Amino acid sequence: SPARREPLVAVMTPVHDGEEHLRRCMESVLRQGYANWIHLVVDNASSDRTLAIAHEIARRDPRIRVLPHRRFVGMSENFNRGLAAVPDEAVFVKQLHADDTLYPECLARMVEAAEQFPEAAMVTGRRHAAGELKPDGGPDTLALVPGGAIARAILLGGVNYLGTPSVPLLRRAHMVGWPALFDTRSFPPRHRGSPAFCAGDRDAYLPTLAQRDVVFVP
């Protein structure tokens, strides 16, 4: 029988003035052992060489799509703008910030874990940050962690399973509120600033965690 086709993963990189890091980020996607991906680079009105770098690397692989926007928006709104560009045929979504990179086996390992637990909304795992492996704690073997337990840990200062938006692999069909996951309202109300990003990314996943569980890859 013919080999089953890998599910499509959409990697989505929101970026503003990211010339210093974007090349490393995009090349880490090109190095994936997993083949069935697209990479959406969503430029938020950059004024540096971000777009030139993105187009240069995109010429190397037709799976890369550069989406330039002239209108500058807040960070959370640009996250949503990028998620809204993910095509319906993408089964999984991996948000990857321009100053982050993926290990070559990342997508393959995360998709494999997701397929073992098809009812889970997200796959997460450990990450290197500033030379440290995070988070401390969590299961030592591949495990399904109840969404409620992850939400409580996030809110009450336990194990930070989700890390940053670059960490989780999202199963698009199970994400509550898709694609507008990130709250773009100012906080406090009527304040001219946008939400603190450290709360904005955490809050983006809470409605989903109330309904769905998460696979943890140690």
# chains A, B, ... in the order shown; residues from 1 in each chain; ligands from 1
>>> residues_around(residues="Phe182 in chain A", least_positions_apart="3", cutoff="9 Å", atoms="only C-alpha atoms", output="list in words")
Ser76, Glu77, Phe79, Asn80, Gly177, Pro179, Gly200, Asp201, Asp203, Ala204 and Tyr205 of chain A
>>> closest_atom_pairs(of="range 46-132 of chain A", to="range 12-34 of chain A", cutoff="6 Å", atoms="only C-alpha atoms", output="CSV")
residue,atom,partner,partner_atom,distance
A:Ser46,CA,A:Asp17,CA,4.7
A:Asp48,CA,A:Asp17,CA,5.5
A:Arg49,CA,A:Glu19,CA,5.5
A:Thr50,CA,A:Glu19,CA,4.5
A:Gln95,CA,A:Met12,CA,4.7
A:Leu96,CA,A:Thr13,CA,5.0
A:His97,CA,A:Thr13,CA,5.2
A:Ala98,CA,A:Leu22,CA,5.0
A:Asp99,CA,A:His21,CA,5.0
A:Asp100,CA,A:Cys25,CA,5.8
A:Thr101,CA,A:Cys25,CA,4.8
A:Leu102,CA,A:Ser28,CA,5.5
A:Pro104,CA,A:Gln32,CA,4.4
A:Glu105,CA,A:Gly33,CA,5.8
A:Ala108,CA,A:Tyr34,CA,5.1
>>> closest_residue(among="A:Arg71, A:Arg126, A:Arg172, A:His55", to="Ala10 in chain A", atoms="only C-alpha atoms")
A:Arg172
>>> select_by_dssp(residues="range 45-123 of chain A", states="strand (DSSP E or B)", output="list in words")
Ile64, Arg65, Val66, Leu67, Pro68, His69, Phe92, Val93, Lys94, Gln95, Met122 and Val123 of chain A
>>> closest_residue(among="A:Ala151, A:Leu169, A:Ala84, A:Thr184", to="Glu115 in chain A", atoms="only C-alpha atoms")
A:Leu169
>>> atom_distance(atom1="CA of Asp61 in chain A", atom2="CA of Trp37 in chain A")
11.0 Å
>>> atom_distance(atom1="CA of Thr208 in chain A", atom2="CA of Glu89 in chain A")
20.6 Å
>>> select_by_dssp(residues="range 27-64 of chain A", states="alpha helix (DSSP H)", output="ChimeraX atom specification")
/A:27-30,50-58
>>> write_last_selection(atoms="all heavy atoms", output="mmCIF file, in the first residue's frame")
data_model
loop_
_atom_site.group_PDB
_atom_site.id
_atom_site.type_symbol
_atom_site.label_atom_id
_atom_site.label_comp_id
_atom_site.auth_asym_id
_atom_site.auth_seq_id
_atom_site.Cartn_x
_atom_site.Cartn_y
_atom_site.Cartn_z
ATOM 1 N N GLU A 27 16.111 29.199 8.326
ATOM 2 C CA GLU A 27 16.957 28.066 7.948
ATOM 3 C C GLU A 27 16.720 26.868 8.861
ATOM 4 O O GLU A 27 16.879 25.717 8.435
ATOM 5 C CB GLU A 27 18.419 28.498 7.916
ATOM 6 C CG GLU A 27 18.692 29.433 6.736
ATOM 7 C CD GLU A 27 20.147 29.816 6.571
ATOM 8 O OE1 GLU A 27 20.916 29.656 7.548
ATOM 9 O OE2 GLU A 27 20.499 30.296 5.473
ATOM 10 N N SER A 28 16.310 27.113 10.096
ATOM 11 C CA SER A 28 15.996 25.980 10.974
ATOM 12 C C SER A 28 14.751 25.239 10.495
ATOM 13 O O SER A 28 14.627 24.024 10.717
ATOM 14 C CB SER A 28 15.819 26.455 12.426
ATOM 15 O OG SER A 28 14.548 27.028 12.664
ATOM 16 N N VAL A 29 13.835 25.950 9.846
ATOM 17 C CA VAL A 29 12.667 25.281 9.259
ATOM 18 C C VAL A 29 13.092 24.482 8.025
ATOM 19 O O VAL A 29 12.657 23.342 7.826
ATOM 20 C CB VAL A 29 11.568 26.304 8.912
ATOM 21 C CG1 VAL A 29 10.363 25.613 8.278
ATOM 22 C CG2 VAL A 29 11.128 27.073 10.169
ATOM 23 N N LEU A 30 13.969 25.054 7.220
ATOM 24 C CA LEU A 30 14.458 24.346 6.033
ATOM 25 C C LEU A 30 15.170 23.042 6.408
ATOM 26 O O LEU A 30 15.179 22.098 5.611
ATOM 27 C CB LEU A 30 15.414 25.240 5.244
ATOM 28 C CG LEU A 30 14.785 26.377 4.438
ATOM 29 C CD1 LEU A 30 15.865 27.308 3.900
ATOM 30 C CD2 LEU A 30 13.939 25.836 3.309
ATOM 31 N N THR A 50 14.378 42.926 6.998
ATOM 32 C CA THR A 50 13.598 41.717 7.247
ATOM 33 C C THR A 50 12.988 41.148 5.973
ATOM 34 O O THR A 50 13.127 39.959 5.674
ATOM 35 C CB THR A 50 12.489 42.015 8.280
ATOM 36 O OG1 THR A 50 13.091 42.231 9.558
ATOM 37 C CG2 THR A 50 11.511 40.857 8.380
ATOM 38 N N LEU A 51 12.298 41.996 5.211
ATOM 39 C CA LEU A 51 11.614 41.503 4.014
ATOM 40 C C LEU A 51 12.602 40.998 2.968
ATOM 41 O O LEU A 51 12.360 39.977 2.311
ATOM 42 C CB LEU A 51 10.736 42.597 3.412
ATOM 43 C CG LEU A 51 9.252 42.554 3.759
ATOM 44 C CD1 LEU A 51 8.515 43.700 3.077
ATOM 45 C CD2 LEU A 51 8.624 41.226 3.366
ATOM 46 N N ALA A 52 13.720 41.690 2.794
ATOM 47 C CA ALA A 52 14.714 41.262 1.810
ATOM 48 C C ALA A 52 15.259 39.884 2.172
ATOM 49 O O ALA A 52 15.414 39.014 1.303
ATOM 50 C CB ALA A 52 15.848 42.285 1.730
ATOM 51 N N ILE A 53 15.533 39.665 3.452
ATOM 52 C CA ILE A 53 16.039 38.374 3.906
ATOM 53 C C ILE A 53 14.977 37.290 3.697
ATOM 54 O O ILE A 53 15.269 36.192 3.213
ATOM 55 C CB ILE A 53 16.454 38.460 5.387
ATOM 56 C CG1 ILE A 53 17.685 39.354 5.531
ATOM 57 C CG2 ILE A 53 16.722 37.074 5.971
ATOM 58 C CD1 ILE A 53 17.995 39.762 6.968
ATOM 59 N N ALA A 54 13.740 37.603 4.046
ATOM 60 C CA ALA A 54 12.656 36.630 3.902
ATOM 61 C C ALA A 54 12.489 36.222 2.433
ATOM 62 O O ALA A 54 12.373 35.024 2.117
ATOM 63 C CB ALA A 54 11.357 37.205 4.444
ATOM 64 N N HIS A 55 12.488 37.186 1.532
ATOM 65 C CA HIS A 55 12.329 36.878 0.101
ATOM 66 C C HIS A 55 13.528 36.095 -0.429
ATOM 67 O O HIS A 55 13.373 35.184 -1.248
ATOM 68 C CB HIS A 55 12.126 38.157 -0.703
ATOM 69 C CG HIS A 55 10.753 38.745 -0.581
ATOM 70 N ND1 HIS A 55 9.603 38.050 -0.915
ATOM 71 C CD2 HIS A 55 10.336 39.969 -0.161
ATOM 72 C CE1 HIS A 55 8.543 38.815 -0.714
ATOM 73 N NE2 HIS A 55 8.965 39.982 -0.248
ATOM 74 N N GLU A 56 14.710 36.452 0.027
ATOM 75 C CA GLU A 56 15.918 35.742 -0.416
ATOM 76 C C GLU A 56 15.836 34.254 -0.063
ATOM 77 O O GLU A 56 16.094 33.383 -0.914
ATOM 78 C CB GLU A 56 17.144 36.373 0.245
ATOM 79 C CG GLU A 56 18.436 35.615 -0.021
ATOM 80 C CD GLU A 56 19.502 35.921 1.028
ATOM 81 O OE1 GLU A 56 19.513 37.046 1.576
ATOM 82 O OE2 GLU A 56 20.322 35.024 1.303
ATOM 83 N N ILE A 57 15.473 33.959 1.166
ATOM 84 C CA ILE A 57 15.413 32.563 1.598
ATOM 85 C C ILE A 57 14.214 31.860 0.961
ATOM 86 O O ILE A 57 14.277 30.673 0.615
ATOM 87 C CB ILE A 57 15.391 32.481 3.133
ATOM 88 C CG1 ILE A 57 16.695 33.080 3.686
ATOM 89 C CG2 ILE A 57 15.222 31.033 3.614
ATOM 90 C CD1 ILE A 57 16.735 33.190 5.191
ATOM 91 N N ALA A 58 13.120 32.590 0.764
ATOM 92 C CA ALA A 58 11.931 31.985 0.154
ATOM 93 C C ALA A 58 12.210 31.509 -1.264
ATOM 94 O O ALA A 58 11.585 30.546 -1.735
ATOM 95 C CB ALA A 58 10.780 32.986 0.158
#
>>> closest_residue(among="A:Pro168, A:Pro218, A:Gly163, A:Pro62", to="Val123 in chain A", atoms="only C-alpha atoms")
A:Pro168
>>> closest_residue(among="A:Thr124, A:Gln211, A:Ser166, A:Asn160", to="Gly147 in chain A", atoms="only C-alpha atoms")
A:Gln211
>>> residues_around(residues="Gly148 in chain A", least_positions_apart="5", cutoff="12 Å", atoms="only C-alpha atoms", output="number ranges by chain")
A: 153-156, 205-214
>>> write_last_selection(atoms="N, CA, C and O atoms", output="short mmCIF file (atom, residue, chain, number, x, y, z; two decimals), in the first residue's frame")
data_model
loop_
_atom_site.label_atom_id
_atom_site.label_comp_id
_atom_site.auth_asym_id
_atom_site.auth_seq_id
_atom_site.Cartn_x
_atom_site.Cartn_y
_atom_site.Cartn_z
N ALA A 153 -1.39 25.19 36.67
CA ALA A 153 0.04 25.44 36.84
C ALA A 153 0.45 26.79 36.28
O ALA A 153 1.24 27.53 36.88
N ILE A 154 -0.12 27.14 35.12
CA ILE A 154 0.18 28.44 34.52
C ILE A 154 -0.26 29.58 35.43
O ILE A 154 0.47 30.54 35.67
N LEU A 155 -1.48 29.46 35.96
CA LEU A 155 -2.07 30.56 36.73
C LEU A 155 -1.52 30.64 38.15
O LEU A 155 -1.48 31.72 38.74
N LEU A 156 -1.10 29.51 38.70
CA LEU A 156 -0.70 29.48 40.11
C LEU A 156 0.81 29.31 40.31
O LEU A 156 1.27 29.13 41.42
N TYR A 205 -4.42 30.46 25.32
CA TYR A 205 -4.66 29.03 25.31
C TYR A 205 -5.60 28.55 26.41
O TYR A 205 -6.00 27.39 26.40
N LEU A 206 -5.95 29.42 27.35
CA LEU A 206 -6.78 28.97 28.48
C LEU A 206 -8.14 28.41 28.06
O LEU A 206 -8.57 27.38 28.58
N PRO A 207 -8.87 29.05 27.12
CA PRO A 207 -10.16 28.46 26.72
C PRO A 207 -10.02 27.05 26.15
O PRO A 207 -10.88 26.19 26.36
N THR A 208 -8.93 26.80 25.43
CA THR A 208 -8.70 25.47 24.88
C THR A 208 -8.35 24.49 25.99
O THR A 208 -8.83 23.34 26.02
N LEU A 209 -7.51 24.91 26.94
CA LEU A 209 -7.11 24.03 28.04
C LEU A 209 -8.29 23.64 28.91
O LEU A 209 -8.27 22.58 29.55
N ALA A 210 -9.34 24.46 28.92
CA ALA A 210 -10.53 24.12 29.69
C ALA A 210 -11.26 22.92 29.08
O ALA A 210 -12.05 22.26 29.76
N GLN A 211 -10.99 22.63 27.80
CA GLN A 211 -11.72 21.57 27.10
C GLN A 211 -10.85 20.41 26.65
O GLN A 211 -11.35 19.30 26.43
N ARG A 212 -9.54 20.66 26.47
CA ARG A 212 -8.68 19.67 25.82
C ARG A 212 -7.38 19.47 26.60
O ARG A 212 -6.94 20.36 27.34
N ASP A 213 -6.76 18.34 26.37
CA ASP A 213 -5.52 18.00 27.03
C ASP A 213 -4.32 18.29 26.13
O ASP A 213 -4.47 18.66 24.97
N VAL A 214 -3.12 18.10 26.70
CA VAL A 214 -1.87 18.46 26.02
C VAL A 214 -0.90 17.29 26.11
O VAL A 214 -0.77 16.66 27.17
#
>>> atom_distance(atom1="CA of Arg202 in chain A", atom2="CA of Ala45 in chain A")
25.3 Å
>>> closest_residue(among="A:Pro146, A:Arg109, A:Ala90, A:Glu6", to="Ala121 in chain A", atoms="only C-alpha atoms")
A:Pro146
>>> closest_residue(among="A:Gly74, A:Leu40, A:Glu132, A:Pro7", to="Arg185 in chain A", atoms="only C-alpha atoms")
A:Gly74
